[in-house]
Amino acid sequence: MNTIGQDFLELTKYPHLTESHKEQGVPCPPLEVPEPNAQLISLPAPESLNFSAVSVQAAINNRRSRRKFSSAPLGLAELTWLLWATQGVQEQLPHATLRTVPSAGARHPFETYLAVANVTGLKPGLYRYLALSHQLALLRANENIGRELAAACLNQKWIANAAASFIWVAVPYRTTWRYSERGWRYIFLDAGHICQNLYIACEAIGAGCCAVDAFDDDALNALLAVDGKEQIALYAAPVGYKI
Ligand SMILES: Cc1cc2nc3c(=O)[nH]c(=O)nc-3n(C[C@H](O)[C@H](O)[C@H](O)COP(=O)(O)O)c2cc1C
């Protein structure tokens, strides 16, 4: 019988935990992976975003996983809203951030990568949201990024039709620094909150998304140029307007 899940739960129970680096006095790791050489793109201020009102009740009632998208480009304001709703930093503390989603110990161990195919004002390519400064970093222009992402996601061809795809990369040490082995549980739980906010935020602007976890891990990490150990692609969600 496959016991990997039970082993994980057993070994992350409190009696098994080793002393965390925080408890040992090791300094807090950076709150964001730096991006020193990328071209930076300013985004509209979160407080300037103003969409026609959709009630929370309607957004939750209408939420669905959507895999068919219109060919209309996603606006930069709309993309900004989705970034804000999923990882926006509301308050920066000395060693933590408070954001639009919860995170165990406010560690926020994720970096948001974006495969941009059809967003007004952005050339197609791979980007990263710099949440602390509320900017986009262009990592590399790539006309084929949607198709390459679809290929990495076990050839789920519908992904290539998304206007933009969110890919969440975990930096586990940001959480395990404080919580040791138990931090691994929290990382996966944190990811769920982020993606759920994306679903609801999409509904608020007439867009849709679909959570994706069926992917070739090594291929997706390679596409994002992350090492799969200190930075791990864990979850994705293509986005586009509903048809
Ligand atoms: C963790 C997770 C992984 C998923 N991975 C995929 C995926 O790789 N491809 C896909 O088409 N849908 C994926 N889905 C979407 C589910 O299939 C979808 O949520 C389910 O069919 C229920 O539909 P609903 O979200 O519209 O209620 C995933 C959903 C979750 C929560």
# chains A, B, ... in the order shown; residues from 1 in each chain; ligands from 1

call {"tool": "residues_around", "arguments": {"residues": "A:Leu98", "least_positions_apart": "3", "cutoff": "6 Å", "atoms": "only C-alpha atoms", "output": "VMD selection string"}}
result
chain A and resid 89 to 91

call {"tool": "write_last_selection", "arguments": {"atoms": "N, CA and C atoms", "output": "PDB file, in the first residue's frame"}}
result
ATOM      1  N   VAL A  89       0.411  43.015  -1.560  1.00  0.00           N
ATOM      2  CA  VAL A  89       0.960  43.312  -0.230  1.00  0.00           C
ATOM      3  C   VAL A  89       0.259  44.538   0.337  1.00  0.00           C
ATOM      4  N   GLN A  90      -0.451  44.338   1.423  1.00  0.00           N
ATOM      5  CA  GLN A  90      -1.176  45.434   2.078  1.00  0.00           C
ATOM      6  C   GLN A  90      -0.328  46.116   3.138  1.00  0.00           C
ATOM      7  N   GLU A  91       0.587  45.368   3.707  1.00  0.00           N
ATOM      8  CA  GLU A  91       1.430  45.931   4.768  1.00  0.00           C
ATOM      9  C   GLU A  91       2.735  45.155   4.825  1.00  0.00           C
TER      10      GLU A  91
END

call {"tool": "closest_atom_pairs", "arguments": {"of": "chain A", "to": "ligand 1", "cutoff": "10 Å", "atoms": "only C-alpha atoms and all ligand atoms", "output": "CSV"}}
result
residue,atom,partner,partner_atom_place_in_ligand_line,distance
A:Asn62,CA,ligand 1,26 (O),9.3
A:Arg63,CA,ligand 1,26 (O),6.9
A:Arg64,CA,ligand 1,26 (O),3.6
A:Ser65,CA,ligand 1,26 (O),3.7
A:Arg66,CA,ligand 1,26 (O),6.8
A:Arg67,CA,ligand 1,11 (O),6.9
A:Cys153,CA,ligand 1,8 (O),7.1
A:Leu154,CA,ligand 1,8 (O),8.3
A:Gln156,CA,ligand 1,9 (N),7.2
A:Lys157,CA,ligand 1,11 (O),9.8
A:Trp158,CA,ligand 1,11 (O),8.5
A:Ile159,CA,ligand 1,11 (O),8.8
A:Phe188,CA,ligand 1,1 (C),9.6
A:Ala191,CA,ligand 1,1 (C),9.2
A:Gly192,CA,ligand 1,31 (C),7.6
A:Cys195,CA,ligand 1,31 (C),8.5
A:Gln196,CA,ligand 1,31 (C),8.8
A:Tyr199,CA,ligand 1,25 (O),8.9
A:Cys209,CA,ligand 1,25 (O),9.1
A:Cys210,CA,ligand 1,15 (C),5.6
A:Ala211,CA,ligand 1,28 (C),4.5
A:Val212,CA,ligand 1,5 (N),3.5
A:Asp213,CA,ligand 1,5 (N),4.1
A:Ala214,CA,ligand 1,8 (O),3.7
A:Phe215,CA,ligand 1,8 (O),6.7
A:Leu234,CA,ligand 1,1 (C),9.6
A:Tyr235,CA,ligand 1,1 (C),7.6
A:Ala236,CA,ligand 1,5 (N),8.2
A:Ala237,CA,ligand 1,6 (C),8.6
A:Pro238,CA,ligand 1,9 (N),9.8

call {"tool": "write_last_selection", "arguments": {"atoms": "N, CA and C atoms", "output": "PDB file, in the first residue's frame"}}
result
ATOM      1  N   ASN A  62     -21.216  31.878  -8.975  1.00  0.00           N
ATOM      2  CA  ASN A  62     -20.901  31.650 -10.395  1.00  0.00           C
ATOM      3  C   ASN A  62     -19.565  30.969 -10.613  1.00  0.00           C
ATOM      4  N   ARG A  63     -18.777  30.828  -9.563  1.00  0.00           N
ATOM      5  CA  ARG A  63     -17.429  30.277  -9.756  1.00  0.00           C
ATOM      6  C   ARG A  63     -17.487  28.884 -10.386  1.00  0.00           C
ATOM      7  N   ARG A  64     -16.659  28.702 -11.396  1.00  0.00           N
ATOM      8  CA  ARG A  64     -16.566  27.429 -12.087  1.00  0.00           C
ATOM      9  C   ARG A  64     -15.157  27.326 -12.625  1.00  0.00           C
ATOM     10  N   SER A  65     -14.628  26.151 -12.809  1.00  0.00           N
ATOM     11  CA  SER A  65     -13.367  26.010 -13.533  1.00  0.00           C
ATOM     12  C   SER A  65     -13.646  26.186 -15.010  1.00  0.00           C
ATOM     13  N   ARG A  66     -12.956  27.141 -15.634  1.00  0.00           N
ATOM     14  CA  ARG A  66     -13.248  27.476 -17.031  1.00  0.00           C
ATOM     15  C   ARG A  66     -12.022  27.188 -17.876  1.00  0.00           C
ATOM     16  N   ARG A  67     -12.274  26.464 -18.948  1.00  0.00           N
ATOM     17  CA  ARG A  67     -11.178  26.047 -19.840  1.00  0.00           C
ATOM     18  C   ARG A  67     -11.374  26.538 -21.261  1.00  0.00           C
ATOM     19  N   CYS A 153       2.289  21.141 -19.199  1.00  0.00           N
ATOM     20  CA  CYS A 153       1.134  20.674 -18.412  1.00  0.00           C
ATOM     21  C   CYS A 153       0.497  19.469 -19.094  1.00  0.00           C
ATOM     22  N   LEU A 154       1.322  18.517 -19.416  1.00  0.00           N
ATOM     23  CA  LEU A 154       0.884  17.231 -19.975  1.00  0.00           C
ATOM     24  C   LEU A 154      -0.007  17.415 -21.196  1.00  0.00           C
ATOM     25  N   GLN A 156      -2.147  19.730 -22.048  1.00  0.00           N
ATOM     26  CA  GLN A 156      -3.518  20.232 -21.902  1.00  0.00           C
ATOM     27  C   GLN A 156      -3.644  21.421 -22.862  1.00  0.00           C
ATOM     28  N   LYS A 157      -4.129  21.154 -24.048  1.00  0.00           N
ATOM     29  CA  LYS A 157      -4.034  22.129 -25.142  1.00  0.00           C
ATOM     30  C   LYS A 157      -4.824  23.411 -24.884  1.00  0.00           C
ATOM     31  N   TRP A 158      -5.892  23.333 -24.124  1.00  0.00           N
ATOM     32  CA  TRP A 158      -6.708  24.514 -23.845  1.00  0.00           C
ATOM     33  C   TRP A 158      -5.888  25.611 -23.154  1.00  0.00           C
ATOM     34  N   ILE A 159      -4.824  25.235 -22.475  1.00  0.00           N
ATOM     35  CA  ILE A 159      -4.015  26.218 -21.740  1.00  0.00           C
ATOM     36  C   ILE A 159      -3.384  27.233 -22.705  1.00  0.00           C
ATOM     37  N   PHE A 188       1.353  24.049   1.034  1.00  0.00           N
ATOM     38  CA  PHE A 188       0.279  23.557   0.151  1.00  0.00           C
ATOM     39  C   PHE A 188      -1.058  24.195   0.524  1.00  0.00           C
ATOM     40  N   ALA A 191      -1.183  27.706  -0.882  1.00  0.00           N
ATOM     41  CA  ALA A 191      -1.411  27.729  -2.334  1.00  0.00           C
ATOM     42  C   ALA A 191      -2.907  27.688  -2.645  1.00  0.00           C
ATOM     43  N   GLY A 192      -3.641  26.912  -1.880  1.00  0.00           N
ATOM     44  CA  GLY A 192      -5.088  26.814  -2.110  1.00  0.00           C
ATOM     45  C   GLY A 192      -5.790  28.145  -1.929  1.00  0.00           C
ATOM     46  N   CYS A 195      -5.138  30.421  -5.036  1.00  0.00           N
ATOM     47  CA  CYS A 195      -5.878  30.059  -6.251  1.00  0.00           C
ATOM     48  C   CYS A 195      -7.374  30.325  -6.082  1.00  0.00           C
ATOM     49  N   GLN A 196      -7.881  30.108  -4.885  1.00  0.00           N
ATOM     50  CA  GLN A 196      -9.308  30.391  -4.684  1.00  0.00           C
ATOM     51  C   GLN A 196      -9.595  31.881  -4.858  1.00  0.00           C
ATOM     52  N   TYR A 199      -9.901  32.540  -8.522  1.00  0.00           N
ATOM     53  CA  TYR A 199     -11.225  32.153  -9.051  1.00  0.00           C
ATOM     54  C   TYR A 199     -12.256  33.252  -8.799  1.00  0.00           C
ATOM     55  N   CYS A 209     -10.961  31.093 -14.787  1.00  0.00           N
ATOM     56  CA  CYS A 209      -9.677  30.401 -14.681  1.00  0.00           C
ATOM     57  C   CYS A 209      -9.926  28.946 -14.320  1.00  0.00           C
ATOM     58  N   CYS A 210      -8.887  28.168 -14.372  1.00  0.00           N
ATOM     59  CA  CYS A 210      -8.994  26.769 -13.947  1.00  0.00           C
ATOM     60  C   CYS A 210      -7.698  26.374 -13.267  1.00  0.00           C
ATOM     61  N   ALA A 211      -7.803  25.859 -12.053  1.00  0.00           N
ATOM     62  CA  ALA A 211      -6.624  25.359 -11.343  1.00  0.00           C
ATOM     63  C   ALA A 211      -5.987  24.239 -12.157  1.00  0.00           C
ATOM     64  N   VAL A 212      -4.671  24.210 -12.168  1.00  0.00           N
ATOM     65  CA  VAL A 212      -3.943  23.148 -12.882  1.00  0.00           C
ATOM     66  C   VAL A 212      -2.831  22.610 -11.997  1.00  0.00           C
ATOM     67  N   ASP A 213      -2.901  21.316 -11.758  1.00  0.00           N
ATOM     68  CA  ASP A 213      -1.780  20.687 -11.063  1.00  0.00           C
ATOM     69  C   ASP A 213      -1.271  19.462 -11.803  1.00  0.00           C
ATOM     70  N   ALA A 214      -1.870  19.182 -12.958  1.00  0.00           N
ATOM     71  CA  ALA A 214      -1.367  18.081 -13.785  1.00  0.00           C
ATOM     72  C   ALA A 214      -0.296  18.648 -14.704  1.00  0.00           C
ATOM     73  N   PHE A 215       0.939  18.520 -14.274  1.00  0.00           N
ATOM     74  CA  PHE A 215       2.050  18.986 -15.111  1.00  0.00           C
ATOM     75  C   PHE A 215       3.276  18.133 -14.842  1.00  0.00           C
ATOM     76  N   LEU A 234       4.495  24.846  -8.073  1.00  0.00           N
ATOM     77  CA  LEU A 234       3.553  23.973  -7.364  1.00  0.00           C
ATOM     78  C   LEU A 234       2.145  23.986  -7.925  1.00  0.00           C
ATOM     79  N   TYR A 235       1.758  25.062  -8.596  1.00  0.00           N
ATOM     80  CA  TYR A 235       0.350  25.200  -8.908  1.00  0.00           C
ATOM     81  C   TYR A 235       0.239  26.232 -10.024  1.00  0.00           C
ATOM     82  N   ALA A 236      -0.774  26.078 -10.869  1.00  0.00           N
ATOM     83  CA  ALA A 236      -0.946  27.025 -11.977  1.00  0.00           C
ATOM     84  C   ALA A 236      -2.424  27.273 -12.208  1.00  0.00           C
ATOM     85  N   ALA A 237      -2.715  28.340 -12.935  1.00  0.00           N
ATOM     86  CA  ALA A 237      -4.104  28.644 -13.282  1.00  0.00           C
ATOM     87  C   ALA A 237      -4.140  29.563 -14.502  1.00  0.00           C
ATOM     88  N   PRO A 238      -4.482  29.016 -15.669  1.00  0.00           N
ATOM     89  CA  PRO A 238      -4.697  29.848 -16.857  1.00  0.00           C
ATOM     90  C   PRO A 238      -5.958  30.705 -16.705  1.00  0.00           C
TER      91      PRO A 238
END

call {"tool": "residues_around", "arguments": {"residues": "A:Glu111", "least_positions_apart": "3", "cutoff": "9 Å", "atoms": "only C-alpha atoms", "output": "list of chain:residue names"}}
result
A:Glu32, A:Val33, A:Gln87, A:His108, A:Arg128, A:Tyr129, A:Leu130, A:Ala131, A:Ile167, A:Trp168, A:Val169, A:Ala170, A:Val171, A:Gln231

call {"tool": "select_by_dssp", "arguments": {"residues": "stretch 11-215 of chain A", "states": "helix (DSSP H, G or I)", "output": "PyMOL selection string"}}
result
chain A and resi 11+14-16+46-48+56-62+76-87+104-106+145-152+157-161+172-203

call {"tool": "closest_residue", "arguments": {"among": "A:Pro34, A:Pro102, A:Pro73, A:Gly88", "to": "A:Asn118", "atoms": "only C-alpha atoms"}}
result
A:Pro73

call {"tool": "closest_atom_pairs", "arguments": {"of": "stretch 33-92 of chain A", "to": "stretch 133-141 of chain A", "cutoff": "6 Å", "atoms": "only C-alpha atoms", "output": "Markdown table"}}
result
| residue | atom | partner | partner_atom | distance |
| --- | --- | --- | --- | --- |
| A:Ala38 | CA | A:Ala137 | CA | 5.6 |
| A:Gln39 | CA | A:Leu138 | CA | 5.4 |
| A:Leu40 | CA | A:Ala137 | CA | 4.6 |
| A:Ile41 | CA | A:Leu136 | CA | 4.9 |
| A:Ser42 | CA | A:Gln135 | CA | 5.0 |
| A:Leu43 | CA | A:Gln135 | CA | 5.6 |

call {"tool": "write_last_selection", "arguments": {"atoms": "C-alpha atoms", "output": "tab-separated table (two decimals), in the first residue's frame"}}
result
chain	number	residue	atom	x	y	z
A	38	ALA	CA	14.95	42.35	-15.41
A	39	GLN	CA	13.05	45.10	-17.20
A	40	LEU	CA	10.47	46.41	-14.72
A	41	ILE	CA	6.95	47.43	-15.64
A	42	SER	CA	4.81	49.67	-13.45
A	43	LEU	CA	1.29	48.52	-12.68

call {"tool": "residues_around", "arguments": {"residues": "A:Ala72", "least_positions_apart": "4", "cutoff": "10 Å", "atoms": "only C-alpha atoms", "output": "list in words"}}
result
Asn118, Val119, Thr120, Ala162, Ala163, Gly240, Tyr241, Lys242 and Ile243 of chain A

call {"tool": "write_last_selection", "arguments": {"atoms": "N, CA and C atoms", "output": "PDB file, in the first residue's frame"}}
result
ATOM      1  N   ASN A 118      -1.652  37.169 -24.164  1.00  0.00           N
ATOM      2  CA  ASN A 118      -2.557  38.134 -24.804  1.00  0.00           C
ATOM      3  C   ASN A 118      -3.068  39.136 -23.754  1.00  0.00           C
ATOM      4  N   VAL A 119      -2.165  40.029 -23.366  1.00  0.00           N
ATOM      5  CA  VAL A 119      -2.505  41.068 -22.387  1.00  0.00           C
ATOM      6  C   VAL A 119      -2.175  42.424 -23.010  1.00  0.00           C
ATOM      7  N   THR A 120      -3.121  43.348 -22.978  1.00  0.00           N
ATOM      8  CA  THR A 120      -2.924  44.657 -23.590  1.00  0.00           C
ATOM      9  C   THR A 120      -1.680  45.344 -23.011  1.00  0.00           C
ATOM     10  N   ALA A 162      -5.262  30.595 -23.196  1.00  0.00           N
ATOM     11  CA  ALA A 162      -5.440  31.548 -22.092  1.00  0.00           C
ATOM     12  C   ALA A 162      -4.764  32.876 -22.439  1.00  0.00           C
ATOM     13  N   ALA A 163      -5.333  33.971 -21.940  1.00  0.00           N
ATOM     14  CA  ALA A 163      -4.683  35.275 -22.131  1.00  0.00           C
ATOM     15  C   ALA A 163      -3.408  35.358 -21.291  1.00  0.00           C
ATOM     16  N   GLY A 240      -8.614  33.724 -18.715  1.00  0.00           N
ATOM     17  CA  GLY A 240      -9.051  34.447 -19.920  1.00  0.00           C
ATOM     18  C   GLY A 240     -10.479  34.899 -19.717  1.00  0.00           C
ATOM     19  N   TYR A 241     -10.945  35.737 -20.655  1.00  0.00           N
ATOM     20  CA  TYR A 241     -12.367  36.123 -20.548  1.00  0.00           C
ATOM     21  C   TYR A 241     -13.245  34.947 -20.919  1.00  0.00           C
ATOM     22  N   LYS A 242     -14.385  34.906 -20.282  1.00  0.00           N
ATOM     23  CA  LYS A 242     -15.351  33.836 -20.553  1.00  0.00           C
ATOM     24  C   LYS A 242     -15.932  34.015 -21.954  1.00  0.00           C
ATOM     25  N   ILE A 243     -16.307  32.903 -22.584  1.00  0.00           N
ATOM     26  CA  ILE A 243     -17.071  33.024 -23.834  1.00  0.00           C
ATOM     27  C   ILE A 243     -18.487  32.509 -23.595  1.00  0.00           C
TER      28      ILE A 243
END

call {"tool": "closest_residue", "arguments": {"among": "A:Phe69, A:Tyr179, A:Val226, A:Ala219", "to": "A:Ala151", "atoms": "only C-alpha atoms"}}
result
A:Ala219

call {"tool": "residues_around", "arguments": {"residues": "A:Asp217", "least_positions_apart": "3", "cutoff": "8 Å", "atoms": "only C-alpha atoms", "output": "list in words"}}
result
Ala152, Leu220, Asn221, Gly228 and Ala233 of chain A

call {"tool": "select_by_dssp", "arguments": {"residues": "stretch 37-201 of chain A", "states": "strand (DSSP E)", "output": "JSON, numbers by chain"}}
result
{"A": [39, 40, 41, 42, 89, 90, 91, 92, 93, 96, 97, 98, 99, 110, 111, 112, 113, 114, 115, 116, 125, 126, 127, 128, 129, 130, 135, 136, 137, 138, 139, 140, 141, 164, 165, 166, 167, 168, 169, 170]}

call {"tool": "residues_around", "arguments": {"residues": "A:Ser52", "least_positions_apart": "5", "cutoff": "12 Å", "atoms": "only C-alpha atoms", "output": "list in words"}}
result
Glu78, Glu203, Ala204, Ile205 and Gly206 of chain A

call {"tool": "atom_distance", "arguments": {"atom1": "atom CA of A:Asn144", "atom2": "atom CA of A:Lys229"}}
result
25.9 Å

call {"tool": "atom_distance", "arguments": {"atom1": "atom CA of A:Leu224", "atom2": "atom CA of A:Leu122"}}
result
18.0 Å

call {"tool": "decode", "arguments": {"residues": "stretch 173-191 of chain A", "atoms": "C-alpha atoms", "output": "short mmCIF file (atom, residue, chain, number, x, y, z; two decimals), in the first residue's frame"}}
result
data_model
loop_
_atom_site.label_atom_id
_atom_site.label_comp_id
_atom_site.auth_asym_id
_atom_site.auth_seq_id
_atom_site.Cartn_x
_atom_site.Cartn_y
_atom_site.Cartn_z
CA TYR A 173 12.58 27.97 3.16
CA ARG A 174 10.57 31.15 3.73
CA THR A 175 8.11 28.98 5.66
CA THR A 176 10.34 26.15 6.93
CA TRP A 177 12.74 28.76 8.39
CA ARG A 178 10.01 29.38 10.95
CA TYR A 179 8.11 26.09 11.11
CA SER A 180 10.71 23.47 10.24
CA GLU A 181 9.25 20.28 8.69
CA ARG A 182 5.67 21.28 9.50
CA GLY A 183 6.07 24.24 7.18
CA TRP A 184 5.64 21.88 4.23
CA ARG A 185 2.00 21.34 5.20
CA TYR A 186 1.41 25.07 5.32
CA ILE A 187 2.88 25.74 1.87
CA PHE A 188 0.28 23.56 0.15
CA LEU A 189 -2.52 25.06 2.22
CA ASP A 190 -1.34 28.58 1.38
CA ALA A 191 -1.41 27.73 -2.33
#
